[in-house]
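Everything below belongs to final_11.pdb, which stores PDB, C-alpha atoms and all ligand atoms.
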```
ATOM      1  CA  MET B 121      -8.617 -15.731  -5.289
ATOM      2  CA  ASP B 122     -10.028 -12.189  -5.496
ATOM      3  CA  GLU B 123     -13.119 -13.447  -3.668
ATOM      4  CA  ARG B 124     -11.021 -14.894  -0.846
ATOM      5  CA  LEU B 125      -9.196 -11.572  -0.414
ATOM      6  CA  ARG B 126     -12.480  -9.659  -0.565
ATOM      7  CA  ILE B 127     -14.004 -11.787   2.191
ATOM      8  CA  GLU B 128     -10.881 -11.663   4.384
ATOM      9  CA  PHE B 129     -10.475  -7.890   4.171
ATOM     10  CA  ASN B 130     -14.200  -7.321   4.597
ATOM     11  CA  ASP B 131     -13.772  -9.145   7.926
ATOM     12  CA  TRP B 132     -10.813  -6.906   8.782
ATOM     13  CA  ALA B 133     -12.886  -3.797   8.027
ATOM     14  CA  LYS B 134     -15.797  -5.019  10.182
ATOM     15  CA  ALA B 135     -13.402  -5.829  13.045
ATOM     16  CA  GLY B 136     -12.006  -2.249  13.062
ATOM     17  CA  ARG B 137      -8.656  -3.246  11.597
ATOM     18  CA  GLY B 138      -8.874  -0.514   8.932
ATOM     19  CA  GLU B 139      -8.451   2.125  11.651
ATOM     20  CA  GLY B 140      -5.853  -0.085  13.377
ATOM     21  CA  MET B 141      -3.759  -0.147  10.192
ATOM     22  CA  GLU B 142      -3.839   3.644  10.033
ATOM     23  CA  LYS B 143      -2.212   3.762  13.483
ATOM     24  CA  GLY B 144       0.364   1.147  12.557
ATOM     25  CA  HIS B 145       1.199   2.279   9.018
ATOM     26  CA  ARG B 146       0.914   6.046   9.164
ATOM     27  CA  PRO B 147       4.296   6.887  10.797
ATOM     28  CA  VAL B 148       6.138   5.323   7.838
ATOM     29  CA  GLY B 149       3.382   5.989   5.279
ATOM     30  CA  GLU B 150       3.665   9.749   5.818
ATOM     31  CA  GLN B 151       7.403   9.636   5.118
ATOM     32  CA  ALA B 152       6.829   7.565   1.962
ATOM     33  CA  ILE B 153       4.166   9.992   0.730
ATOM     34  CA  ASP B 154       6.610  12.872   1.294
ATOM     35  CA  LEU B 155       9.005  11.131  -1.122
ATOM     36  CA  MET B 156       6.346  11.390  -3.864
ATOM     37  CA  ASN B 157       6.459  15.217  -4.136
ATOM     38  CA  ILE B 158       2.719  15.452  -4.706
ATOM     39  CA  SER B 159       1.896  18.719  -6.460
ATOM     40  CA  ALA B 160      -1.273  20.766  -5.899
ATOM     41  CA  ASP B 161      -2.730  19.525  -9.212
ATOM     42  CA  ALA B 162      -1.606  15.877  -9.005
ATOM     43  CA  ARG B 163      -3.897  12.998 -10.034
ATOM     44  CA  VAL B 164      -3.174  10.277  -7.496
ATOM     45  CA  LEU B 165      -4.116   6.590  -7.277
ATOM     46  CA  ASP B 166      -3.971   4.668  -3.955
ATOM     47  CA  ILE B 167      -3.965   0.912  -4.643
ATOM     48  CA  GLY B 168      -5.317  -1.265  -1.811
ATOM     49  CA  CYS B 169      -6.392   1.887   0.024
ATOM     50  CA  GLY B 170      -7.954   0.165   3.050
ATOM     51  CA  SER B 171      -9.682   2.704   5.325
ATOM     52  CA  GLY B 172      -8.490   5.558   3.078
ATOM     53  CA  TRP B 173      -6.185   7.361   5.528
ATOM     54  CA  ALA B 174      -3.362   7.714   2.963
ATOM     55  CA  ALA B 175      -5.792   8.913   0.282
ATOM     56  CA  ARG B 176      -6.998  11.641   2.664
ATOM     57  CA  LEU B 177      -3.432  12.667   3.450
ATOM     58  CA  MET B 178      -2.603  12.876  -0.266
ATOM     59  CA  ALA B 179      -5.848  14.752  -1.028
ATOM     60  CA  GLU B 180      -4.729  17.517   1.345
ATOM     61  CA  LYS B 181      -1.606  17.945  -0.790
ATOM     62  CA  THR B 182      -3.405  17.896  -4.134
ATOM     63  CA  HIS B 183      -6.266  20.291  -3.431
ATOM     64  CA  GLU B 184      -6.535  21.280  -7.117
ATOM     65  CA  GLY B 185      -6.211  17.690  -8.318
ATOM     66  CA  HIS B 186      -7.847  14.512  -7.099
ATOM     67  CA  VAL B 187      -7.224  11.145  -5.462
ATOM     68  CA  VAL B 188      -8.811   7.806  -6.298
ATOM     69  CA  GLY B 189      -8.522   4.937  -3.829
ATOM     70  CA  ILE B 190      -9.263   1.388  -4.986
ATOM     71  CA  ASP B 191      -9.601  -1.759  -2.919
ATOM     72  CA  ILE B 192     -10.789  -5.321  -3.501
ATOM     73  CA  SER B 193     -12.824  -5.156  -0.272
ATOM     74  CA  ASP B 194     -16.191  -3.436  -0.595
ATOM     75  CA  GLU B 195     -16.308  -2.999   3.211
ATOM     76  CA  MET B 196     -12.971  -1.147   3.169
ATOM     77  CA  VAL B 197     -14.255   1.040   0.320
ATOM     78  CA  ARG B 198     -17.455   1.759   2.268
ATOM     79  CA  LEU B 199     -15.428   2.669   5.391
ATOM     80  CA  ALA B 200     -13.068   4.856   3.361
ATOM     81  CA  GLY B 201     -15.991   6.686   1.725
ATOM     82  CA  GLU B 202     -17.763   7.282   5.040
ATOM     83  CA  THR B 203     -14.668   8.728   6.690
ATOM     84  CA  SER B 204     -13.781  10.953   3.716
ATOM     85  CA  LYS B 205     -17.089  12.772   3.197
ATOM     86  CA  SER B 206     -15.534  16.169   3.889
ATOM     87  CA  PHE B 207     -13.013  15.702   1.045
ATOM     88  CA  PRO B 208     -14.467  16.902  -2.277
ATOM     89  CA  ASN B 209     -11.504  15.573  -4.288
ATOM     90  CA  ILE B 210     -11.493  11.895  -3.223
ATOM     91  CA  GLU B 211     -13.285   8.967  -4.803
ATOM     92  CA  PHE B 212     -13.166   5.318  -3.691
ATOM     93  CA  ARG B 213     -13.951   2.346  -5.909
ATOM     94  CA  VAL B 214     -14.068  -1.414  -5.540
ATOM     95  CA  ALA B 215     -11.524  -2.827  -7.998
ATOM     96  CA  SER B 216      -8.717  -5.329  -8.241
ATOM     97  CA  ALA B 217      -5.150  -4.098  -8.669
ATOM     98  CA  GLU B 218      -4.785  -6.689 -11.428
ATOM     99  CA  ARG B 219      -7.562  -5.031 -13.491
ATOM    100  CA  LEU B 220      -7.571  -1.295 -12.921
ATOM    101  CA  PRO B 221     -10.694   0.415 -14.333
ATOM    102  CA  PHE B 222      -8.777   3.446 -15.668
ATOM    103  CA  SER B 223      -7.402   4.682 -18.978
ATOM    104  CA  ASP B 224      -3.730   4.755 -19.884
ATOM    105  CA  ASP B 225      -1.723   7.647 -18.329
ATOM    106  CA  GLU B 226      -4.632   8.741 -16.130
ATOM    107  CA  PHE B 227      -2.538   9.387 -12.983
ATOM    108  CA  SER B 228       0.591  11.400 -12.203
ATOM    109  CA  ARG B 229       1.282   9.638  -8.883
ATOM    110  CA  ALA B 230       0.491   6.190  -7.468
ATOM    111  CA  PHE B 231       0.884   4.876  -3.934
ATOM    112  CA  SER B 232       0.345   1.492  -2.324
ATOM    113  CA  MET B 233       1.015   0.536   1.281
ATOM    114  CA  GLU B 234       1.180  -3.028   2.574
ATOM    115  CA  SER B 235      -0.897  -4.397  -0.279
ATOM    116  CA  LEU B 236       1.301  -5.714  -3.115
ATOM    117  CA  TYR B 237       2.310  -9.015  -1.527
ATOM    118  CA  TYR B 238      -1.318 -10.174  -1.383
ATOM    119  CA  TYR B 239      -1.677 -10.093  -5.166
ATOM    120  CA  ALA B 240      -1.661 -13.486  -6.880
ATOM    121  CA  ASP B 241      -0.389 -11.804 -10.051
ATOM    122  CA  MET B 242       1.933  -9.105  -8.729
ATOM    123  CA  LEU B 243       3.634  -8.574 -12.082
ATOM    124  CA  GLY B 244       0.231  -8.176 -13.762
ATOM    125  CA  ALA B 245      -0.767  -5.607 -11.132
ATOM    126  CA  LEU B 246       2.508  -3.689 -11.563
ATOM    127  CA  LYS B 247       1.948  -3.611 -15.335
ATOM    128  CA  GLU B 248      -1.534  -2.230 -14.712
ATOM    129  CA  ILE B 249      -0.187   0.462 -12.357
ATOM    130  CA  ARG B 250       2.440   1.425 -14.945
ATOM    131  CA  ARG B 251      -0.204   1.528 -17.675
ATOM    132  CA  VAL B 252      -2.403   4.028 -15.784
ATOM    133  CA  LEU B 253       0.609   6.142 -14.697
ATOM    134  CA  GLN B 254       1.729   8.855 -17.090
ATOM    135  CA  PRO B 255       5.343   8.797 -18.393
ATOM    136  CA  GLY B 256       7.528  10.387 -15.716
ATOM    137  CA  GLY B 257       4.830   9.771 -13.096
ATOM    138  CA  VAL B 258       5.976   8.249  -9.803
ATOM    139  CA  PHE B 259       4.819   5.061  -8.079
ATOM    140  CA  VAL B 260       5.855   4.414  -4.470
ATOM    141  CA  THR B 261       5.044   1.253  -2.547
ATOM    142  CA  VAL B 262       5.758   0.302   1.070
ATOM    143  CA  VAL B 263       5.957  -3.301   2.280
ATOM    144  CA  ASP B 264       6.735  -4.566   5.773
ATOM    145  CA  LEU B 265       6.665  -8.268   4.874
ATOM    146  CA  TYR B 266       9.791  -8.958   2.824
ATOM    147  CA  GLN B 267      12.690 -11.390   2.726
ATOM    148  CA  GLU B 268      15.312  -9.277   4.516
ATOM    149  CA  ASN B 269      12.960  -8.570   7.433
ATOM    150  CA  ARG B 270      13.181 -11.932   9.182
ATOM    151  CA  PRO B 271      10.555 -11.477  11.937
ATOM    152  CA  SER B 272       7.958 -10.388   9.378
ATOM    153  CA  HIS B 273       7.980 -13.979   8.030
ATOM    154  CA  GLN B 274       5.974 -14.967  11.136
ATOM    155  CA  TRP B 275       2.949 -13.291   9.544
ATOM    156  CA  ILE B 276       2.842 -15.815   6.710
ATOM    157  CA  ASP B 277       1.329 -18.462   9.010
ATOM    158  CA  GLN B 278      -0.797 -15.945  10.921
ATOM    159  CA  LEU B 279      -2.566 -14.637   7.820
ATOM    160  CA  ASN B 280      -5.638 -16.427   6.474
ATOM    161  CA  VAL B 281      -4.706 -15.673   2.863
ATOM    162  CA  PRO B 282      -1.594 -16.545   0.836
ATOM    163  CA  VAL B 283       1.144 -13.919   0.500
ATOM    164  CA  GLN B 284       4.327 -13.604  -1.539
ATOM    165  CA  LEU B 285       7.635 -13.246   0.302
ATOM    166  CA  LEU B 286      10.023 -11.308  -1.955
ATOM    167  CA  SER B 287      13.404  -9.672  -1.437
ATOM    168  CA  SER B 288      14.122  -6.044  -2.267
ATOM    169  CA  GLY B 289      16.001  -7.258  -5.380
ATOM    170  CA  GLN B 290      12.993  -9.303  -6.519
ATOM    171  CA  TYR B 291      10.728  -6.277  -6.081
ATOM    172  CA  ARG B 292      13.104  -4.121  -8.136
ATOM    173  CA  SER B 293      13.249  -6.774 -10.822
ATOM    174  CA  LEU B 294       9.424  -7.031 -11.031
ATOM    175  CA  PHE B 295       9.181  -3.232 -11.278
ATOM    176  CA  ALA B 296      11.657  -3.283 -14.168
ATOM    177  CA  GLN B 297       9.822  -6.173 -15.889
ATOM    178  CA  ALA B 298       6.580  -4.182 -15.582
ATOM    179  CA  GLY B 299       8.248  -1.327 -17.470
ATOM    180  CA  PHE B 300       9.072   1.081 -14.646
ATOM    181  CA  VAL B 301      12.302   3.046 -15.001
ATOM    182  CA  ASN B 302      14.627   4.641 -12.437
ATOM    183  CA  VAL B 303      13.667   1.890  -9.988
ATOM    184  CA  ARG B 304      15.124   2.335  -6.492
ATOM    185  CA  ASP B 305      14.565   0.880  -3.060
ATOM    186  CA  GLN B 306      15.279   2.175   0.407
ATOM    187  CA  ARG B 307      14.198   1.603   3.989
ATOM    188  CA  LEU B 308      12.079   3.885   6.148
ATOM    189  CA  TYR B 309      11.801   3.623   9.923
ATOM    190  CA  ASP B 310       8.956   4.090  12.377
ATOM    191  CA  PRO B 311      10.100   7.002  14.582
ATOM    192  CA  ARG B 312       7.955   6.029  17.583
ATOM    193  CA  PRO B 313       9.804   4.998  20.757
ATOM    194  CA  LEU B 314      10.359   1.280  21.240
ATOM    195  CA  PRO B 315       8.198  -0.161  24.037
ATOM    196  CA  ASP B 316       9.795  -1.630  27.186
ATOM    197  CA  ASP B 317       7.508  -4.607  26.971
ATOM    198  CA  TYR B 318       5.731  -6.058  23.986
ATOM    199  CA  SER B 319       2.201  -7.380  23.933
ATOM    200  CA  GLY B 320       1.244  -6.554  20.345
ATOM    201  CA  GLY B 321       0.473 -10.091  19.194
ATOM    202  CA  SER B 322       2.049  -9.781  15.717
ATOM    203  CA  PHE B 323       5.408 -11.221  16.864
ATOM    204  CA  GLU B 324       6.390 -14.123  19.088
ATOM    205  CA  THR B 325       8.776 -12.120  21.294
ATOM    206  CA  ARG B 326       9.767  -8.525  22.040
ATOM    207  CA  GLU B 327      13.176  -9.280  20.455
ATOM    208  CA  ASP B 328      11.432 -10.214  17.219
ATOM    209  CA  TYR B 329       9.478  -6.964  17.337
ATOM    210  CA  LEU B 330      12.677  -4.952  17.942
ATOM    211  CA  GLU B 331      14.415  -6.680  15.023
ATOM    212  CA  TYR B 332      11.379  -5.991  12.834
ATOM    213  CA  ARG B 333      11.518  -2.286  13.725
ATOM    214  CA  LYS B 334      15.297  -2.191  13.166
ATOM    215  CA  SER B 335      14.889  -3.744   9.692
ATOM    216  CA  GLY B 336      12.458  -0.987   8.747
ATOM    217  CA  SER B 337       9.872  -0.809   5.981
ATOM    218  CA  LEU B 338      10.918  -1.533   2.400
ATOM    219  CA  VAL B 339      10.052   1.270  -0.006
ATOM    220  CA  VAL B 340      10.268   0.637  -3.758
ATOM    221  CA  ARG B 341       9.907   3.513  -6.202
ATOM    222  CA  GLY B 342       9.652   3.548  -9.967
ATOM    223  CA  GLU B 343       8.744   5.983 -12.724
ATOM    224  CA  GLY B 344       6.309   5.496 -15.556
ATOM    225  CA  ALA B 345       7.698   5.393 -19.097
ATOM    226  CA  LYS B 346       6.422   4.811 -22.618
TER     227      LYS B 346
HETATM  228  C1  LIG B 401      -2.844  -4.689   4.872
HETATM  229  S1  LIG B 401      -4.136  -3.793   4.098
HETATM  230  C2  LIG B 401      -3.422  -2.169   3.889
HETATM  231  C3  LIG B 401      -4.464  -1.093   3.706
HETATM  232  C4  LIG B 401      -3.934   0.333   3.565
HETATM  233  N1  LIG B 401      -3.102   0.488   2.394
HETATM  234  C5  LIG B 401      -3.197   0.743   4.812
HETATM  235  O1  LIG B 401      -1.974   0.917   4.746
HETATM  236  O2  LIG B 401      -3.838   0.916   5.863
HETATM  237  C6  LIG B 401      -4.126  -4.445   2.442
HETATM  238  C7  LIG B 401      -5.248  -3.915   1.591
HETATM  239  O3  LIG B 401      -5.052  -4.359   0.249
HETATM  240  C8  LIG B 401      -6.310  -4.730  -0.283
HETATM  241  N2  LIG B 401      -6.113  -5.719  -1.361
HETATM  242  C9  LIG B 401      -5.671  -6.992  -1.260
HETATM  243  N3  LIG B 401      -5.610  -7.569  -2.470
HETATM  244  C10 LIG B 401      -6.021  -6.640  -3.374
HETATM  245  C11 LIG B 401      -6.149  -6.626  -4.791
HETATM  246  N4  LIG B 401      -5.849  -7.690  -5.548
HETATM  247  N5  LIG B 401      -6.584  -5.484  -5.384
HETATM  248  C12 LIG B 401      -6.891  -4.391  -4.633
HETATM  249  N6  LIG B 401      -6.779  -4.350  -3.287
HETATM  250  C13 LIG B 401      -6.342  -5.456  -2.655
HETATM  251  C14 LIG B 401      -7.038  -5.328   0.922
HETATM  252  O4  LIG B 401      -8.436  -5.404   0.743
HETATM  253  C15 LIG B 401      -6.623  -4.395   2.045
HETATM  254  O5  LIG B 401      -7.500  -3.310   2.236
END
```
Translate the structure of the given file into structure tokens.
Amino acid sequence: MDERLRIEFNDWAKAGRGEGMEKGHRPVGEQAIDLMNISADARVLDIGCGSGWAARLMAEKTHEGHVVGIDISDEMVRLAGETSKSFPNIEFRVASAERLPFSDDEFSRAFSMESLYYYADMLGALKEIRRVLQPGGVFVTVVDLYQENRPSHQWIDQLNVPVQLLSSGQYRSLFAQAGFVNVRDQRLYDPRPLPDDYSGGSFETREDYLEYRKSGSLVVRGEGAK
């Protein structure tokens, strides 16, 4: 399974979709990162970091700390490293979310955007994230493909790899099972103006796209505990 994801996202990286995701995800990603209150000395993990745009954003906030981005795709990690050369406090590594190569309590913040639903063992990955997050540390994830966002279900057939379609309640429950405390969810919205016509390709009709935007992005937040 990991190999299938690696190959698929290597293709995405080679096709320029890493940069494309920055454009698409950043308007909501920035708001989600603001919710994390990243301090100047924070130790931050970005899980499924893609092209590394979020890691760079977080590295600007934690100039006395550091950010590590991990991704299953070696091409994404290569792209992220190449575009982050001017950041002395970022490191990117090839790793699976289900087996994080870090010690317990190593990070004070963790972030993951549009990555969790690809994991075959999401609960295992959440347990790993909680393990490497210090007690009281904060993990924030953003997902656009979820049960309550009906048009997003169209992606399930478009994607070449299997995904998990969960509701906000199921996400909260998995967070709790993984040992996170103070688990909350909320929606965040892309502030960009809605287009008069739609030719994006991710949705069948403009109405679907408008409903997708109206549903917003699901943000789930939990705190590490011992
Ligand atoms: C839709 S992209 C999002 C990338 C980035 N977070 C962004 O918002 O632009 C999903 C990313 O998750 C990574 N990924 C998928 N399964 C993974 C796993 N099991 N462990 C680590 N990364 C994974 C993919 O390689 C890909 O880069």
Exercise. Could you state which residues are captured by the PyMOL selection byres (((not hetatm)) within 7 of (chain B and resi 401)) in this file, as a ChimeraX atom specification?
Key: /B:122,125-126,129,138,141-142,145,167-173,190-193,196,215-218,232-235,238-239
Practice problem: Name every residue that the PyMOL selection byres (((chain B and resi 274-291) around 9) and not hetatm) selects in this structure, writing the answer as a ChimeraX atom specification with chains first and numbers rising. | Solution: /B:124-125,128,236-240,242,265-273,292-296,305-306,322-324,338-340
Exercise. To one decimal in Å, tell me the separation between CA of Gly185 (chain B) and CA of Pro147 (chain B).
Key: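 Straight-line distance from CA of Gly185 (chain B) to CA of Pro147 (chain B) works out to 24.3 Å.
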Self-check item: Residue IDs satisfying the PyMOL selection byres (((chain B and resi 208) around 10) and not hetatm), as a list in words
Solution: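 Applying the expression gives Ala179, His183, His186, Val187, Ser204, Lys205, Ser206, Phe207, Asn209, Ile210 and Glu211 of chain B.
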Quiz item: Expressed in Å to a single decimal, how great is the separation between CA of Phe212 (chain B) and CA of Gly189 (chain B)?
Solution: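 Straight-line distance from CA of Phe212 (chain B) to CA of Gly189 (chain B) works out to 4.7 Å.
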Self-check item: Residues near Val258 (chain B), cut-off 6 Å, only C-alpha atoms, skip fewer than 4 positions along chain, as a list in words
Solution: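 The filter keeps Arg229, Gly342 and Glu343 of chain B.
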Would you save the residues of that selection, restricted to C-alpha atoms, as a PDB file, in the frame of the given file?
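As a result, out-v4.pdb now contains:
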```
ATOM      1  CA  ARG B 229       1.282   9.638  -8.883  1.00  0.00           C
ATOM      2  CA  GLY B 342       9.652   3.548  -9.967  1.00  0.00           C
ATOM      3  CA  GLU B 343       8.744   5.983 -12.724  1.00  0.00           C
TER       4      GLU B 343
END
```
Self-check item: Expected residue set, 12 Å radius at (6.5, 8.0, 13.2), all atoms listed in the file, as JSON, numbers by chain
Solution: {"B": [142, 143, 144, 145, 146, 147, 148, 149, 150, 151, 152, 308, 309, 310, 311, 312, 313, 314, 333, 336, 337]}
Exercise. Tell me, in Å to one decimal, how far CA of Met178 (chain B) is from CA of Ile249 (chain B).
Key: 17.5 Å
Practice problem: Tell me which of B:Gly344, B:Asp161, B:Ser228, B:Thr325 sits closest to Leu246 (chain B), counting only C-alpha atoms. | Solution: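 So, comparing all the options, the nearest one is B:Gly344.
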Self-check item: Closest of B:Asp224, B:Glu180, B:Asp166, B:Asp131 to Ala345 (chain B) - atom-to-atom distances counting only C-alpha atoms
Solution: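 Of the candidates, the smallest distance to Ala345 (chain B) is held by B:Asp224.
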Self-check item: Nearest to Val252 (chain B), chosen from B:Arg341, B:Arg304, B:Lys134, B:Arg163, with all atoms listed in the file counted in the distances
Solution: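 With all atoms listed in the file as the atom set, the closest residue is B:Arg163.
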Quiz item: Nearest to Asp154 (chain B) among B:Val214, B:Val197, B:Leu220, B:Val260, with distances taken over only C-alpha atoms: which residue is it?
Solution: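 Result for the nearest residue to Asp154 (chain B): B:Val260.
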Practice problem: Check the smallest atom-to-atom distance from each of B:Ala230, B:Ala135, B:Leu243, B:Ala174 to Thr203 (chain B) using all atoms listed in the file, then report the winner. | Solution: B:Ala174
Quiz item: Which protein, DNA or RNA residues are at most 10 Å from (9.4, -6.8, 22.1) in the file's coordinates when you count all atoms listed in the file, listed as a PyMOL selection string?
Solution: chain B and resi 314-321+323-333
Practice problem: Give the answer as one residue: which of B:Leu165, B:Asp264, B:Glu248, B:Ser335 has the shortest atom-to-atom distance to Ala298 (chain B), using all atoms listed in the file? | Solution: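 When distances to Ala298 (chain B) are compared using all atoms listed in the file, the smallest one comes from B:Glu248.
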